[in-house]
Amino acid sequence: MKKGNAKKQLPIKDADSIYRWQSPFFLLGVAVLAAATIIGIVVLLTPLNVPDVEMDSEPRLGLEQTDPSIAGASPFEASVQAWWKIPAEPEVVQMESLKVEMLNQAKLLEEQYPKNSKALDLCASVSYDLNQLEVADRLWKACLALNPPTAEYYLSYAEFLSANERPEEAIRVLEGAHSQKIETAGSYLQLAKAYEGNGDLSKAAELATEVTKRFPEFAESWFLAGRVLNQLGKHADSESCLRRAMELKHSGLEVLPVLISVVARQGKRDQANELREQLSRLEKPVVIENTQQQAFQTKFENSLRDRAARLFLFSSTINRDAWNISAVCPLVQRSLELKPYDSSALVFLAEQYVAENRVGEAIEVYKRLIDIQPENIVHFTNLAGLAFRQRDLALAESTLATGTQKHPDNDILKIALAKTWISQRRPLEARSLIKSVLMKGQNAEAYMVLGASYQLTGDTNESKAAFERAQQLAPNQRIPK
Amino acid sequence: MFCLVWALALCDDPPSVISFNDATEKSQIAFRYENGGTDQYYLVEIVGAGVCLFDADGDGLIDVYMVNGAALPGRAFDAPPSDRFFLNRGGLKFQDQTEPSGLKEHNYGVGATAADFDNDGFVDLYISNFGPKVLMHNNGDGTFSDITAVAGVADGDKFGAGVTFLDIDNDGNLDLFVGNYLDFDFKRHDELAPKSIPYPPGPRDFRPTPDSLFYNNGDGTFSDISDSSGVRKAVGPSMGVVAADFDKDGDVDIFVGCDGEPNLYYQNDGTGKFTEEALLVGVATDLRGRANGSMGVDTADINGDGLLDLAVTNYMDQLMEVFRNSSPGGFFDDVSSSMKFGKDVKPHVNWGVGLIDFDFDGDTDAYICNGHFLKHAKSIEPNTDYAVPNCIMENLGNKVFRNASRQAGPALQHSASSRGGGFDDLDNDGDVDVVVVNCDTNSQVLENTYSGENKWLQLKLVGRKCNRSAVGAKVVLSVGGREMFLEQLNGRGYQSYFGSVLTAGLGNIEKIEKIQIYWPNSQVPTTLFDVRVNQKMIVLE
């Protein structure tokens with residue numbers, strides 16, 4: 001690693017967060033939730049399609065028409081198949097057969113997408129998780145041979161190499177990536193770790209220190225700098241770094257053992273003993289007293305379950321990106337069989353159902369999402385929107401009414417519920433609810449609903465005034481003639 | 001044919017002069033460790049046992065005491081297994097003398113050590129068991145007597161581990177440190193087992209048991225000073241134990257490897273009072289602050305700076321630790337990664353370890369015993385197995401080790417689930433041979449077949465004012481412009497004992513300019529000048 005490289009501006013601000021976020025699964029979750037949130041909010045903030053007084057018998061509402069994934073013809077053919085039921089409980093797994101299933105899935109993915117770096121990286125990670133080290137090595141090599149511009153793949157391979165005591169190769173991989181300007185704070189930190197593993201302590205210290213300067217909130221880099229400086233005999237500097245890592249909430253269980261020794265080496269035994277007391281308070285009881293609690297073996301099983309669920313979920317995204325639509329839902333469903341309450345997978349499945357015009361199934365998924373995340377109003381609005389699409393006004397109303405009860409201060413849900421009542425030609429209830437919104441402040445959407453309510457009761461002047469007020473507040477707002 | 005395949009396979013590797021020949025059959029040591037279980041994988045049947053190498057009859061030949069298991073619940077034997085004692089008859093041939101010697105020990109053994117605790121000229125034996133421990137007094141006539149009750153060192157019915165004799169206050173009497181593992185309970189295991197598949201309940205599922213320290217009263221009895229000495233203030237699931245003057249302050253300290261918990265380091269204040277300071281001195285955890293599954297421990301001056309470093313074997317996927325002693329004050333740094341020390345054994349569960357200069361090139365190599373405890377390990381952990389080869393790590397002299405197992409001969413390709421290892425010159429040819437305890441297969445005797453030009457020296461130290469086994473004595477060799485440091489240790493490795501004769505590899509030199517021997521309770525060293533190489537010397541205090 002040349003000194004100059006280390007001083008390049010790394011392309012991120014919050015290095016600690018970015019490093020943590022580099023997990024593709026985490027990114028997937030964020031992306032799915034963000035998409036769902038946007039959809040939900042868009043649904044509620046779009047103009048109200050005010051019903052004519054001579055309304056036809058079929059209710060119509062802005063809710064159902066404005067969801068971009070619902071509006072218009074679906075790009076996918078609806079599947080003709082029996083509904084898959086979301087399990088109530090996680091599947092009881094046989095560890096060995098689950099491992100085989102995971103390896104088979106990884107193998108299939110590799111066969112299907114041999115030139116897809118994302119797929120190869122996923123397969124490599126799974127192989128590594130399952131201790132198929134040679135396979136993982138081969139897959140990461142194949143992945144990086146595609147010269148992907150994604151730093152996380154280089155980082156994953158380098159972590160693998162370092163963990164398998166191959167620091168020289170890790171250094172080559174990361175320096176190669178950095179020379180192509182594929183870099184993150186995490187990759188620089190991993191490079192510093194590789195230097196440490198290779199015994200190049202001066203280089204490790206130089207690079208780790210550089211990362212701490214550029215990303216002072218990155219706790220892991222302070223920890224690395226601290227322990228390398230300790231090995232170099234720079235105990236005072238090491239102590240400063242380790243204390244900073246502690247301040248940044250790095251796990252004291254790891255930092256304190258090193259810090260205690262560093263402090264003791266400087267002759268500060270009292271301080272060292274105080275830190276030792278601090279560590280003993282952090283340490284968990286050695287023995288699990290209750291035999292019903294998880295032993296580490298149970299954690300082992302849960303860990304495998306998590307990994308498998310992520311594998312299937314992420315496989316589904318790869319298939320979706322490749323327009324292999326028939327494979328998408330079964331893979332998410334498999335993920336949910338292992339973790340039925342995984343909100344990321346549920347949101348992803350709901351979106352996919354909607355995209356495939358499987359609205360009834362999507363509704364069931366949103367019901368589960370509301371059960372597990374009642375604090376998320378987007379699930380209420382999305383479910384209500386789908387209910388409208390199914391012309392199930394009772395479900396839409398009950399969903400929004402429940403949401404309003406749970407979030408009495410939330411105007412979005414109240415406005416949506418009022419819209420529902422407008423569609424049901426219940427203007428007085430809608431007016432009453434919307435007035436409670438308007439008492440709190442001016443809101444164009446609320447005025448639109450208010451106008452519609454007056455329109456339904458034949459109060460033309462009031463209706464006109466409400467629509468005009470809405471337009472004043474939101475000049476782009478379309479109002480009925 | 002196998003040899004040909006092996007020879008072809010190592011074409012890519014640089015040559016090494018370390019080589020071994022499987023001398024198991026020749027040695028006539030026919031010992032198969034019996035764990036006494038029924039594949040319930042009780043912790044006690046998993047951990048195996050150490051081995052004890054000592055000269056029982058004073059004939060200058062190292063004898064072998066193999067520690068054995070016993071029947072566990074659900075298992076019965078027509079002829080119950082016992083520990084076995086093999087007397088060295090010379091020429092690397094041993095004779096089973098278990099019955100005549102009175103060493104037919106039927107307890108569930110896990111480790112052992114030996115020293116002349118009563119300074120009568122004969123080396124006694126202390127056996128660590130799952131249950132009461134046993135002290136066997138060497139009667140000097142080829143027989144041993146159980147004097148545990150009189151001596152007061154049974155240590156209750158704890159699950160024992162590594163044990164070592166040491167002189168905590170340099171009064172010339174060897175005291176006894178007893179490592180204890182954990183409070184294993186069959187009932188609790190059975191309760192936990194159904195939930196714990198595919199792994200059996202592990203060390204974190206049971207409460208660790210405190211270690212014990214027994215003070216030698218000098219009259220054939222010991223006093224339990226575990227509390228007053230400070231040893232009992234700390235607790236961990238102890239396994240391997242090694243005692244030495246790590247901080248060079250003239251008294252013996254104790255390092256204890258702990259299974260899945262921070263290691264323990266008892267620092268002696270010079271009066272036999274100990275303070276546990278592993279965290280302070282940097283040996284509690286690895287480089288990254290993680291407590292690993294420590295099993296075997298050994299100490300030697302690995303980097304030639306005159307300070308005793310530590311090597312610790314670990315559970316699978318945990319890099320073995322090499323703690324470099326970085327200052328006379330006794331602070332350590334984990335340098336295993338940069339030394340490339342345990343890379344090739346990292347996938348395996350590691351147990352026994354010996355820091356030995358196998359090729360006499362003047363630096364310390366390492367032998368590491370490997371093997372998972374699950375017979376079906378391969379199906380769960382594809383990078384390791386129940387039976388895997390052990391490993392020789394060759395010190396290249398530049399602070400880097402390399403795996404020399406493939407070059408060391410077909411004997412090192414033998415796969416077994418090994419536990420304890422013992423390292424001594426069994427055939428009196430100067431180089432250090434190997435005894436390995438294996439589960440489910442015969443134990444192995446490996447004859448060191450070194451045939452290079454490097455020179456060696458063996459020193460048998462005999463204390464007169466200090467303890468007769470000279471435990472704690474330090475030796476400084478001035479060789480070719482540099483100094484080499486050795487210390488007479490006792491219990492070490494994985495719950496084992498070996499090294500009653502100190503062996504130094506000297507490289508290609510003709511003579512040793514000076515040897516200084518610092519006896520434990522003396523300020524004045526015994527000094528020898530211009531000592532001939534390739535000889536075994538007995539030095540009396």
# chains A, B, ... in the order shown; residues from 1 in each chain; ligands from 1
call {"tool": "closest_atom_pairs", "arguments": {"of": "chain B", "to": "chain A", "cutoff": "6 Å", "atoms": "only C-alpha atoms", "output": "JSON lines"}}
result
{"residue": "B:Ser196", "atom": "CA", "partner": "A:Gln297", "partner_atom": "CA", "distance": 5.0}
{"residue": "B:Arg204", "atom": "CA", "partner": "A:Val287", "partner_atom": "CA", "distance": 5.5}
{"residue": "B:Asp205", "atom": "CA", "partner": "A:Val287", "partner_atom": "CA", "distance": 5.3}
{"residue": "B:Phe206", "atom": "CA", "partner": "A:Val287", "partner_atom": "CA", "distance": 5.6}
{"residue": "B:Arg207", "atom": "CA", "partner": "A:Val287", "partner_atom": "CA", "distance": 5.5}
{"residue": "B:Leu279", "atom": "CA", "partner": "A:Pro257", "partner_atom": "CA", "distance": 5.8}
{"residue": "B:Leu280", "atom": "CA", "partner": "A:Ser261", "partner_atom": "CA", "distance": 4.2}
{"residue": "B:Val281", "atom": "CA", "partner": "A:Ser261", "partner_atom": "CA", "distance": 5.5}
{"residue": "B:Gly282", "atom": "CA", "partner": "A:Ser261", "partner_atom": "CA", "distance": 5.3}
{"residue": "B:Gly289", "atom": "CA", "partner": "A:Glu254", "partner_atom": "CA", "distance": 4.3}
{"residue": "B:Ser337", "atom": "CA", "partner": "A:Gly197", "partner_atom": "CA", "distance": 5.1}
{"residue": "B:Ser338", "atom": "CA", "partner": "A:Gly199", "partner_atom": "CA", "distance": 4.1}
{"residue": "B:Lys343", "atom": "CA", "partner": "A:Glu165", "partner_atom": "CA", "distance": 5.8}
call {"tool": "write_last_selection", "arguments": {"atoms": "N, CA and C atoms", "output": "short mmCIF file (atom, residue, chain, number, x, y, z; two decimals), in the first residue's frame"}}
result
data_model
loop_
_atom_site.label_atom_id
_atom_site.label_comp_id
_atom_site.auth_asym_id
_atom_site.auth_seq_id
_atom_site.Cartn_x
_atom_site.Cartn_y
_atom_site.Cartn_z
N SER B 196 -28.91 -29.57 21.94
CA SER B 196 -27.61 -29.05 21.52
C SER B 196 -27.09 -29.67 20.23
N ARG B 204 -19.09 -24.09 28.17
CA ARG B 204 -19.85 -22.96 28.70
C ARG B 204 -21.16 -23.40 29.34
N ASP B 205 -21.45 -24.66 29.23
CA ASP B 205 -22.69 -25.17 29.82
C ASP B 205 -22.50 -25.66 31.25
N PHE B 206 -21.27 -25.55 31.73
CA PHE B 206 -20.99 -26.02 33.09
C PHE B 206 -20.15 -24.97 33.82
N ARG B 207 -20.28 -24.97 35.11
CA ARG B 207 -19.58 -23.97 35.91
C ARG B 207 -18.10 -24.36 36.06
N LEU B 279 -5.01 -10.58 32.34
CA LEU B 279 -5.43 -9.42 31.53
C LEU B 279 -4.34 -8.35 31.53
N LEU B 280 -3.74 -8.15 32.67
CA LEU B 280 -2.74 -7.08 32.77
C LEU B 280 -1.50 -7.38 31.94
N VAL B 281 -1.07 -8.64 31.95
CA VAL B 281 0.16 -8.95 31.23
C VAL B 281 -0.09 -9.32 29.78
N GLY B 282 -1.35 -9.46 29.40
CA GLY B 282 -1.66 -9.64 27.98
C GLY B 282 -1.75 -11.08 27.50
N GLY B 289 -8.55 -9.50 21.57
CA GLY B 289 -9.35 -9.43 22.79
C GLY B 289 -10.33 -10.57 22.94
N SER B 337 -0.10 -14.53 14.39
CA SER B 337 -0.36 -14.24 12.97
C SER B 337 0.93 -13.90 12.24
N SER B 338 1.65 -12.96 12.78
CA SER B 338 2.85 -12.51 12.07
C SER B 338 3.93 -13.58 12.05
N LYS B 343 -1.17 -21.34 11.40
CA LYS B 343 -2.02 -21.24 10.21
C LYS B 343 -2.57 -22.59 9.75
#
call {"tool": "select_by_dssp", "arguments": {"residues": "region 124-180 of chain B", "states": "alpha helix (DSSP H)", "output": "PyMOL selection string"}}
result
chain B and resi 148-151
call {"tool": "write_last_selection", "arguments": {"atoms": "C-alpha atoms", "output": "CSV table (one decimal), in the first residue's frame"}}
result
chain,number,residue,atom,x,y,z
B,148,THR,CA,-2.6,-39.6,48.4
B,149,ALA,CA,-4.4,-39.7,51.7
B,150,VAL,CA,-1.4,-39.1,53.8
B,151,ALA,CA,-0.1,-36.4,51.6
call {"tool": "residues_around", "arguments": {"residues": "Pro114 (chain A)", "least_positions_apart": "4", "cutoff": "10 Å", "atoms": "only C-alpha atoms", "output": "ChimeraX atom specification"}}
result
/A:108-110,118-120,139,142-143,146
call {"tool": "closest_residue", "arguments": {"among": "B:Asp245, B:Leu135, B:Arg288, B:Asn35", "to": "Asp269 (chain B)", "atoms": "only C-alpha atoms"}}
result
B:Asp245
call {"tool": "residues_around", "arguments": {"residues": "region 208-217 of chain B", "least_positions_apart": "4", "cutoff": "8 Å", "atoms": "only C-alpha atoms", "output": "list in words"}}
result
Val153, Asp155, Lys158, Phe159, Asn173, Leu174, Asp175, Leu176, Phe177, Val178, Gly179, Asn180, Tyr181, Leu182, Asp183, Thr221, Phe222, Ser223, Asp224, Ile225, Ser226, Ser229, Val231, Arg232, Ala234, Val235, Gly236, Pro237 and Ser238 of chain B
call {"tool": "write_last_selection", "arguments": {"atoms": "N, CA and C atoms", "output": "PDB file, in the first residue's frame"}}
result
ATOM      1  N   VAL B 153      -3.477 -34.657  48.981  1.00  0.00           N
ATOM      2  CA  VAL B 153      -3.533 -33.962  47.693  1.00  0.00           C
ATOM      3  C   VAL B 153      -4.590 -34.562  46.754  1.00  0.00           C
ATOM      4  N   ASP B 155      -7.558 -33.532  46.435  1.00  0.00           N
ATOM      5  CA  ASP B 155      -8.241 -32.380  45.837  1.00  0.00           C
ATOM      6  C   ASP B 155      -9.725 -32.666  45.590  1.00  0.00           C
ATOM      7  N   LYS B 158     -12.895 -33.268  42.130  1.00  0.00           N
ATOM      8  CA  LYS B 158     -13.014 -32.319  41.011  1.00  0.00           C
ATOM      9  C   LYS B 158     -12.598 -32.959  39.684  1.00  0.00           C
ATOM     10  N   PHE B 159     -13.019 -32.300  38.630  1.00  0.00           N
ATOM     11  CA  PHE B 159     -12.625 -32.686  37.267  1.00  0.00           C
ATOM     12  C   PHE B 159     -11.269 -32.040  37.020  1.00  0.00           C
ATOM     13  N   ASN B 173      11.439 -27.422  48.539  1.00  0.00           N
ATOM     14  CA  ASN B 173      10.398 -28.466  48.485  1.00  0.00           C
ATOM     15  C   ASN B 173       9.425 -28.140  47.367  1.00  0.00           C
ATOM     16  N   LEU B 174       9.118 -29.120  46.592  1.00  0.00           N
ATOM     17  CA  LEU B 174       8.223 -28.890  45.458  1.00  0.00           C
ATOM     18  C   LEU B 174       6.770 -28.889  45.910  1.00  0.00           C
ATOM     19  N   ASP B 175       6.117 -27.799  45.612  1.00  0.00           N
ATOM     20  CA  ASP B 175       4.692 -27.679  45.880  1.00  0.00           C
ATOM     21  C   ASP B 175       3.936 -28.186  44.645  1.00  0.00           C
ATOM     22  N   LEU B 176       2.632 -28.103  44.708  1.00  0.00           N
ATOM     23  CA  LEU B 176       1.850 -28.737  43.652  1.00  0.00           C
ATOM     24  C   LEU B 176       0.686 -27.828  43.239  1.00  0.00           C
ATOM     25  N   PHE B 177       0.686 -27.465  41.972  1.00  0.00           N
ATOM     26  CA  PHE B 177      -0.442 -26.700  41.433  1.00  0.00           C
ATOM     27  C   PHE B 177      -1.324 -27.655  40.634  1.00  0.00           C
ATOM     28  N   VAL B 178      -2.610 -27.586  40.902  1.00  0.00           N
ATOM     29  CA  VAL B 178      -3.556 -28.508  40.275  1.00  0.00           C
ATOM     30  C   VAL B 178      -4.600 -27.702  39.504  1.00  0.00           C
ATOM     31  N   GLY B 179      -4.567 -27.810  38.200  1.00  0.00           N
ATOM     32  CA  GLY B 179      -5.613 -27.174  37.393  1.00  0.00           C
ATOM     33  C   GLY B 179      -6.881 -28.001  37.445  1.00  0.00           C
ATOM     34  N   ASN B 180      -8.001 -27.324  37.519  1.00  0.00           N
ATOM     35  CA  ASN B 180      -9.292 -28.027  37.488  1.00  0.00           C
ATOM     36  C   ASN B 180     -10.150 -27.457  36.375  1.00  0.00           C
ATOM     37  N   TYR B 181     -10.909 -28.345  35.772  1.00  0.00           N
ATOM     38  CA  TYR B 181     -11.637 -27.964  34.554  1.00  0.00           C
ATOM     39  C   TYR B 181     -12.990 -27.358  34.923  1.00  0.00           C
ATOM     40  N   LEU B 182     -13.984 -28.156  35.091  1.00  0.00           N
ATOM     41  CA  LEU B 182     -15.304 -27.604  35.381  1.00  0.00           C
ATOM     42  C   LEU B 182     -16.162 -28.624  36.127  1.00  0.00           C
ATOM     43  N   ASP B 183     -17.297 -28.133  36.556  1.00  0.00           N
ATOM     44  CA  ASP B 183     -18.174 -28.941  37.398  1.00  0.00           C
ATOM     45  C   ASP B 183     -19.105 -29.760  36.504  1.00  0.00           C
ATOM     46  N   THR B 221       3.830 -34.447  53.589  1.00  0.00           N
ATOM     47  CA  THR B 221       2.438 -33.990  53.541  1.00  0.00           C
ATOM     48  C   THR B 221       2.373 -32.620  52.864  1.00  0.00           C
ATOM     49  N   PHE B 222       1.181 -32.312  52.435  1.00  0.00           N
ATOM     50  CA  PHE B 222       0.933 -31.023  51.783  1.00  0.00           C
ATOM     51  C   PHE B 222      -0.212 -30.311  52.506  1.00  0.00           C
ATOM     52  N   SER B 223      -0.220 -29.002  52.417  1.00  0.00           N
ATOM     53  CA  SER B 223      -1.339 -28.210  52.948  1.00  0.00           C
ATOM     54  C   SER B 223      -2.019 -27.499  51.790  1.00  0.00           C
ATOM     55  N   ASP B 224      -3.318 -27.527  51.823  1.00  0.00           N
ATOM     56  CA  ASP B 224      -4.079 -26.833  50.775  1.00  0.00           C
ATOM     57  C   ASP B 224      -4.050 -25.332  51.055  1.00  0.00           C
ATOM     58  N   ILE B 225      -3.331 -24.602  50.238  1.00  0.00           N
ATOM     59  CA  ILE B 225      -3.234 -23.144  50.435  1.00  0.00           C
ATOM     60  C   ILE B 225      -3.907 -22.402  49.273  1.00  0.00           C
ATOM     61  N   SER B 226      -4.863 -23.055  48.678  1.00  0.00           N
ATOM     62  CA  SER B 226      -5.520 -22.448  47.512  1.00  0.00           C
ATOM     63  C   SER B 226      -6.110 -21.085  47.862  1.00  0.00           C
ATOM     64  N   SER B 229      -3.156 -18.507  49.320  1.00  0.00           N
ATOM     65  CA  SER B 229      -2.162 -18.123  48.307  1.00  0.00           C
ATOM     66  C   SER B 229      -2.743 -17.185  47.266  1.00  0.00           C
ATOM     67  N   VAL B 231      -4.750 -18.203  44.857  1.00  0.00           N
ATOM     68  CA  VAL B 231      -5.068 -18.940  43.628  1.00  0.00           C
ATOM     69  C   VAL B 231      -6.577 -19.078  43.424  1.00  0.00           C
ATOM     70  N   ARG B 232      -7.292 -19.221  44.511  1.00  0.00           N
ATOM     71  CA  ARG B 232      -8.720 -19.487  44.377  1.00  0.00           C
ATOM     72  C   ARG B 232      -9.535 -18.214  44.124  1.00  0.00           C
ATOM     73  N   ALA B 234      -9.387 -16.539  41.519  1.00  0.00           N
ATOM     74  CA  ALA B 234      -9.750 -16.553  40.098  1.00  0.00           C
ATOM     75  C   ALA B 234     -10.287 -17.933  39.755  1.00  0.00           C
ATOM     76  N   VAL B 235     -11.037 -17.977  38.695  1.00  0.00           N
ATOM     77  CA  VAL B 235     -11.563 -19.282  38.289  1.00  0.00           C
ATOM     78  C   VAL B 235     -11.755 -19.296  36.772  1.00  0.00           C
ATOM     79  N   GLY B 236     -11.478 -20.437  36.205  1.00  0.00           N
ATOM     80  CA  GLY B 236     -11.698 -20.626  34.771  1.00  0.00           C
ATOM     81  C   GLY B 236     -11.702 -22.111  34.496  1.00  0.00           C
ATOM     82  N   PRO B 237     -12.227 -22.522  33.361  1.00  0.00           N
ATOM     83  CA  PRO B 237     -12.168 -23.946  33.003  1.00  0.00           C
ATOM     84  C   PRO B 237     -10.761 -24.313  32.540  1.00  0.00           C
ATOM     85  N   SER B 238      -9.913 -24.655  33.513  1.00  0.00           N
ATOM     86  CA  SER B 238      -8.487 -24.852  33.235  1.00  0.00           C
ATOM     87  C   SER B 238      -8.238 -26.118  32.439  1.00  0.00           C
TER      88      SER B 238
END
call {"tool": "select_by_dssp", "arguments": {"residues": "region 257-475 of chain B", "states": "strand (DSSP E or B)", "output": "JSON, numbers by chain"}}
result
{"B": [257, 258, 259, 264, 265, 266, 267, 268, 274, 275, 276, 293, 297, 298, 299, 300, 309, 310, 311, 312, 321, 322, 323, 324, 325, 332, 333, 334, 350, 351, 352, 353, 354, 355, 356, 365, 366, 367, 368, 369, 370, 388, 389, 391, 392, 393, 394, 395, 401, 402, 403, 415, 416, 417, 418, 419, 420, 421, 422, 423, 424, 433, 434, 435, 436, 437, 438, 439, 442, 444, 445, 446, 447, 448, 455, 456, 457, 458, 459, 460, 461, 462, 474, 475]}
call {"tool": "residues_around", "arguments": {"residues": "Gln444 (chain B)", "least_positions_apart": "4", "cutoff": "10 Å", "atoms": "only C-alpha atoms", "output": "count of residues only"}}
result
19
call {"tool": "residues_around", "arguments": {"residues": "region 379-387 of chain B", "least_positions_apart": "4", "cutoff": "7 Å", "atoms": "only C-alpha atoms", "output": "PyMOL selection string"}}
result
(chain A and resi 131-132) or (chain B and resi 347-348+371-375+415-417)
call {"tool": "residues_around", "arguments": {"residues": "Ala170 (chain A)", "least_positions_apart": "3", "cutoff": "9 Å", "atoms": "only C-alpha atoms", "output": "PyMOL selection string"}}
result
chain A and resi 154-155+157-162+166-167+173-175+190-191+194-195
call {"tool": "atom_distance", "arguments": {"atom1": "CA of Gly362 (chain B)", "atom2": "CA of Val345 (chain B)"}}
result
23.7 Å
call {"tool": "closest_residue", "arguments": {"among": "B:Arg419, B:Arg482, B:Lys378, B:Lys474", "to": "Asp305 (chain B)", "atoms": "only C-alpha atoms"}}
result
B:Arg482
call {"tool": "atom_distance", "arguments": {"atom1": "CA of Arg431 (chain A)", "atom2": "CA of Phe467 (chain A)"}}
result
13.6 Å
call {"tool": "atom_distance", "arguments": {"atom1": "CA of Pro410 (chain B)", "atom2": "CA of Val67 (chain B)"}}
result
26.3 Å
call {"tool": "decode", "arguments": {"residues": "region 434-450 of chain B", "atoms": "N, CA and C atoms", "output": "compact mmCIF listing (two decimals), in the first residue's frame"}}
result
# COMPACT_ATOMS: atom_id res chain seq x y z
N VAL B 434 8.96 -38.38 20.17
CA VAL B 434 7.59 -37.93 20.45
C VAL B 434 6.72 -39.12 20.86
N VAL B 435 5.89 -38.90 21.84
CA VAL B 435 4.83 -39.87 22.19
C VAL B 435 3.50 -39.12 22.11
N VAL B 436 2.55 -39.69 21.40
CA VAL B 436 1.26 -39.03 21.22
C VAL B 436 0.14 -39.96 21.69
N VAL B 437 -0.76 -39.40 22.48
CA VAL B 437 -1.96 -40.15 22.91
C VAL B 437 -3.05 -39.94 21.87
N ASN B 438 -3.57 -41.03 21.35
CA ASN B 438 -4.64 -40.95 20.35
C ASN B 438 -5.91 -41.57 20.90
N CYS B 439 -7.02 -41.03 20.46
CA CYS B 439 -8.30 -41.63 20.82
C CYS B 439 -8.65 -42.69 19.78
N ASP B 440 -9.11 -43.82 20.23
CA ASP B 440 -9.63 -44.88 19.36
C ASP B 440 -8.60 -45.58 18.49
N THR B 441 -7.37 -45.10 18.52
CA THR B 441 -6.31 -45.85 17.83
C THR B 441 -5.11 -45.90 18.77
N ASN B 442 -4.15 -46.72 18.42
CA ASN B 442 -2.98 -46.85 19.27
C ASN B 442 -2.24 -45.53 19.37
N SER B 443 -1.69 -45.31 20.54
CA SER B 443 -0.81 -44.16 20.70
C SER B 443 0.42 -44.36 19.82
N GLN B 444 1.03 -43.26 19.50
CA GLN B 444 2.16 -43.31 18.56
C GLN B 444 3.46 -42.96 19.26
N VAL B 445 4.52 -43.64 18.86
CA VAL B 445 5.87 -43.27 19.25
C VAL B 445 6.61 -42.89 17.98
N LEU B 446 7.09 -41.67 17.92
CA LEU B 446 7.81 -41.19 16.74
C LEU B 446 9.27 -41.00 17.09
N GLU B 447 10.10 -41.67 16.33
CA GLU B 447 11.54 -41.56 16.55
C GLU B 447 12.09 -40.44 15.69
N ASN B 448 12.73 -39.50 16.34
CA ASN B 448 13.37 -38.40 15.61
C ASN B 448 14.57 -38.96 14.86
N THR B 449 14.57 -38.84 13.55
CA THR B 449 15.64 -39.43 12.74
C THR B 449 16.56 -38.35 12.19
N TYR B 450 16.74 -37.31 12.95
CA TYR B 450 17.62 -36.22 12.50
C TYR B 450 19.01 -36.77 12.21
